[in-house]
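Asks: Provided herewith is a single structure, encoded as structure tokens, for subsequent inquiry.
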Amino acid sequence: MRDVPPNLAILGLQWGDEGKGKLVDLLSARYQNVVRFQGGNNAGHTVVVNGQSIALHQVPSGALHPSCFLLVGSGVVLNLEVFREELNRLAERGFDLSKRLLLSDKAHVILPHHIALDRWREGGAGKVKIGTTGRGIGPAYEMKVARMGVRLGDLLRPETLKDIVRTGYEEVRLRLGDEAKDLPSLDAIVADVLRWADPLLPFIGDTQTYLMDAWKKGQSILFEGAQATLLDIDHGTYPFVTSSNCSLGGLFTGTGLPPKALSKILGVAKAYTTRVGEGPMVSELHDAVGDRIREAGREFGTTTGRPRRCGWFDAPITRHACLTNGVDGLGLMKLDVLDGFEQVGLVTGYRDGEGRVSNKLPACAAEWDTLKAEIKYFPGWEKPTRGATRLEQLPKEARVYLDALVESVETPIAYLSTGPDRSEGLLYTTTFLEGML
Ligand code: IMP
């Protein structure tokens, strides 16, 4: 086992829900610091404590390892009420974070009128539906960019808070028109925010300096990505994306650390593809096979409970994500879900209306609609992969499928997950993960 593991980013390579939580949970035991750097409570990472599962939306997944220091960077948008509830639930199960938590004073606060605006936009005829999680994520980021946001540091000066909240609040009222009558008053919002913030005030501080010092001292840092590259505001399937940079760039803006502080990038993908919400998904299967993947993989949202759209592994999107993030190795999850299928498909490219096949991703949503999946089929495997912990336990058909997958994304598999438990998985090839799991 290594003494100090490399500073590592764990990033999603599809449309989220790849199983990043399992890997962060497995690896964070080795790390002194675990950092969230973007997203908010649209994320849902399930971790298992004493046989009971707990869904974390905002608290970094290292919470269950008492030696991990937990940081929430400036790129995150935080729902204070949800964060506080998460801390309480963890405390009830014996995880006291009070001496190992720091929240960036530059992180933004999700406010009730952001949530109202998100839901208003998504409801009603004629509006562009993104299928958001309805948690106010988009409006909170918009307010940040429009310079009307409220930051955690502002909560430390309650006397000026009302004025800071007011600008964004008035703007949302204008947009909501008649429906603004259902919004709580400005005074009520400020009072709620102060009440939710109160127990969190001792944790607000300068995460950038903390991380910089940790890095200089040679402490290990694990960067926990939320959502995934295809949901990235720049590199995803715009406009059907979230409002943050969930790919590698967001790590640096969302922590204030320079690229040199990062050593390795572990990209996480499922052995098939899922997506929640609207937007292009060329690999989607609208048939019994798609339903079977959903049932076998229990593909229902952690945050919203929505059924996920399912399809075969989509090599073009995952290859794009590997390139965008400079992925050193894949964490390939949920191979066991494909156990028992007669044949297993791999989307190797997209065919356009003119019959041309490519593995390039279009920039515009309308162009995506013209594409059809080019699927290569492989024989399925009778012997289950579930619970495999050694390469030799994998059926040869599964190895053939995995080799083709690796070739299509031009990235080696570092870790292969064969079931939800911590013990179910194996190191597939020799990579930086050697000696860390
Ligand atoms: P928002 O992040 O709530 O604005 O939602 C924008 C899009 O991102 C929607 O399609 C959501 O379903 C999707 N999304 C946001 N967070 C996650 C996640 O953690 N997993 C999967 N999809 C997500």
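Just so we're on the same page: first chain in the structure tokens is A, next is B, and so on; residues restart at 1 for each chain, and ligands are numbered from 1 in the order they show up.
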Near region 400-413 of chain A, counting only C-alpha atoms, which residues have an atom at most 8 Å away, once you skip same-chain residues fewer than 4 positions from it, shown as a PyMOL selection string?

Replies: chain A and resi 315-316+318-319+322+327-332+344+346+348+378+396+428-429

Asks: Residues of the last selection are to be written out with N, CA and C atoms, as a PDB file, in the first residue's frame.

Replies:
ATOM      1  N   ALA A 315     -20.139   4.553 -26.751  1.00  0.00           N
ATOM      2  CA  ALA A 315     -18.698   4.844 -26.824  1.00  0.00           C
ATOM      3  C   ALA A 315     -18.402   6.287 -27.231  1.00  0.00           C
ATOM      4  N   PRO A 316     -19.126   6.876 -28.214  1.00  0.00           N
ATOM      5  CA  PRO A 316     -18.766   8.257 -28.586  1.00  0.00           C
ATOM      6  C   PRO A 316     -18.844   9.242 -27.414  1.00  0.00           C
ATOM      7  N   THR A 318     -18.606   8.620 -24.202  1.00  0.00           N
ATOM      8  CA  THR A 318     -17.633   8.306 -23.152  1.00  0.00           C
ATOM      9  C   THR A 318     -16.214   8.625 -23.617  1.00  0.00           C
ATOM     10  N   ARG A 319     -15.960   8.394 -24.898  1.00  0.00           N
ATOM     11  CA  ARG A 319     -14.642   8.750 -25.450  1.00  0.00           C
ATOM     12  C   ARG A 319     -14.453  10.264 -25.376  1.00  0.00           C
ATOM     13  N   CYS A 322     -13.623  11.113 -21.909  1.00  0.00           N
ATOM     14  CA  CYS A 322     -12.246  10.721 -21.556  1.00  0.00           C
ATOM     15  C   CYS A 322     -11.258  11.754 -22.098  1.00  0.00           C
ATOM     16  N   VAL A 327      -8.633  11.532 -18.949  1.00  0.00           N
ATOM     17  CA  VAL A 327      -8.797  10.436 -17.984  1.00  0.00           C
ATOM     18  C   VAL A 327      -7.623   9.445 -18.042  1.00  0.00           C
ATOM     19  N   ASP A 328      -7.070   9.122 -16.874  1.00  0.00           N
ATOM     20  CA  ASP A 328      -5.966   8.156 -16.800  1.00  0.00           C
ATOM     21  C   ASP A 328      -6.470   6.722 -16.763  1.00  0.00           C
ATOM     22  N   GLY A 329      -7.630   6.522 -16.170  1.00  0.00           N
ATOM     23  CA  GLY A 329      -8.177   5.170 -16.093  1.00  0.00           C
ATOM     24  C   GLY A 329      -9.665   5.242 -15.826  1.00  0.00           C
ATOM     25  N   LEU A 330     -10.366   4.196 -16.285  1.00  0.00           N
ATOM     26  CA  LEU A 330     -11.822   4.151 -16.084  1.00  0.00           C
ATOM     27  C   LEU A 330     -12.167   3.392 -14.816  1.00  0.00           C
ATOM     28  N   GLY A 331     -13.181   3.852 -14.112  1.00  0.00           N
ATOM     29  CA  GLY A 331     -13.876   3.034 -13.135  1.00  0.00           C
ATOM     30  C   GLY A 331     -15.113   2.563 -13.882  1.00  0.00           C
ATOM     31  N   LEU A 332     -15.158   1.297 -14.275  1.00  0.00           N
ATOM     32  CA  LEU A 332     -16.314   0.825 -15.049  1.00  0.00           C
ATOM     33  C   LEU A 332     -17.244   0.083 -14.095  1.00  0.00           C
ATOM     34  N   VAL A 344     -25.035  -8.461 -25.861  1.00  0.00           N
ATOM     35  CA  VAL A 344     -24.772  -7.162 -25.242  1.00  0.00           C
ATOM     36  C   VAL A 344     -24.326  -6.210 -26.346  1.00  0.00           C
ATOM     37  N   LEU A 346     -22.923  -2.499 -28.005  1.00  0.00           N
ATOM     38  CA  LEU A 346     -21.965  -1.401 -27.770  1.00  0.00           C
ATOM     39  C   LEU A 346     -22.211  -0.386 -28.885  1.00  0.00           C
ATOM     40  N   THR A 348     -20.994   2.062 -31.158  1.00  0.00           N
ATOM     41  CA  THR A 348     -19.627   2.389 -31.586  1.00  0.00           C
ATOM     42  C   THR A 348     -19.570   3.714 -32.343  1.00  0.00           C
ATOM     43  N   PHE A 378     -22.347  -8.284 -29.091  1.00  0.00           N
ATOM     44  CA  PHE A 378     -21.412  -9.306 -28.605  1.00  0.00           C
ATOM     45  C   PHE A 378     -22.220 -10.402 -27.913  1.00  0.00           C
ATOM     46  N   LYS A 396     -15.263 -15.486 -20.463  1.00  0.00           N
ATOM     47  CA  LYS A 396     -14.461 -14.985 -21.593  1.00  0.00           C
ATOM     48  C   LYS A 396     -15.275 -14.020 -22.465  1.00  0.00           C
ATOM     49  N   TYR A 428      -8.652  -4.041 -12.915  1.00  0.00           N
ATOM     50  CA  TYR A 428      -8.717  -4.710 -14.212  1.00  0.00           C
ATOM     51  C   TYR A 428      -7.380  -4.692 -14.935  1.00  0.00           C
ATOM     52  N   THR A 429      -6.714  -3.537 -14.888  1.00  0.00           N
ATOM     53  CA  THR A 429      -5.374  -3.455 -15.474  1.00  0.00           C
ATOM     54  C   THR A 429      -4.469  -2.752 -14.470  1.00  0.00           C
TER      55      THR A 429
END

Asks: Around ligand 1, at most 6 Å away and counting only C-alpha atoms and all ligand atoms, which residues are there? Put them as a list of chain:residue names, please.

Replies: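 Listing the residues within 6 Å of ligand 1 gives A:Trp15, A:Gly16, A:Asp17, A:Asn42, A:Ala43, A:Gly44, A:Ile130, A:Gly131, A:Thr132, A:Thr133, A:Gly134, A:Arg135, A:Ile137, A:Gly138, A:Gln227, A:Leu231, A:Phe240, A:Val241, A:Thr242, A:Val276, A:Gly277, A:Glu278.
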
Asks: Which residue, A:Arg292, A:His113, A:Arg30, A:His235, has the smallest gap to Glu179 (chain A) when you use only C-alpha atoms?

Replies: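 Closest candidate: A:His113.
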
Asks: May I ask for the distance between CA of Asp339 (chain A) and CA of Pro384 (chain A), given in Å to one decimal place?

Replies: 5.4 Å

Asks: Tell me, as an MDAnalysis selection string, which residues lie within 10 Å of Arg422 (chain A), counting only C-alpha atoms; anything in the same chain fewer than 3 positions away does not count.

Replies: chainID A and resid 22:23 25:26 47:48 387 417:419 425 437

Asks: Which residues of region 154-194 of chain A come within 12 Å of region 80-87 of chain A, and for each one, what is the closest pair of atoms and their distance in Å to one decimal, counting only C-alpha atoms, sorted by chain and residue number, as a Markdown table?

Replies:
| residue | atom | partner | partner_atom | distance |
| --- | --- | --- | --- | --- |
| A:Leu155 | CA | A:Leu80 | CA | 10.9 |
| A:Asp192 | CA | A:Glu81 | CA | 9.0 |
| A:Val193 | CA | A:Leu80 | CA | 7.5 |
| A:Leu194 | CA | A:Leu80 | CA | 9.6 |

Asks: From the options A:Asn88, A:Gln208, A:Ser243, A:Ser67, which residue's atoms come nearest to Ala29 (chain A), counting only C-alpha atoms?

Replies: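 Smallest separation from Ala29 (chain A) among the options: A:Ser67.
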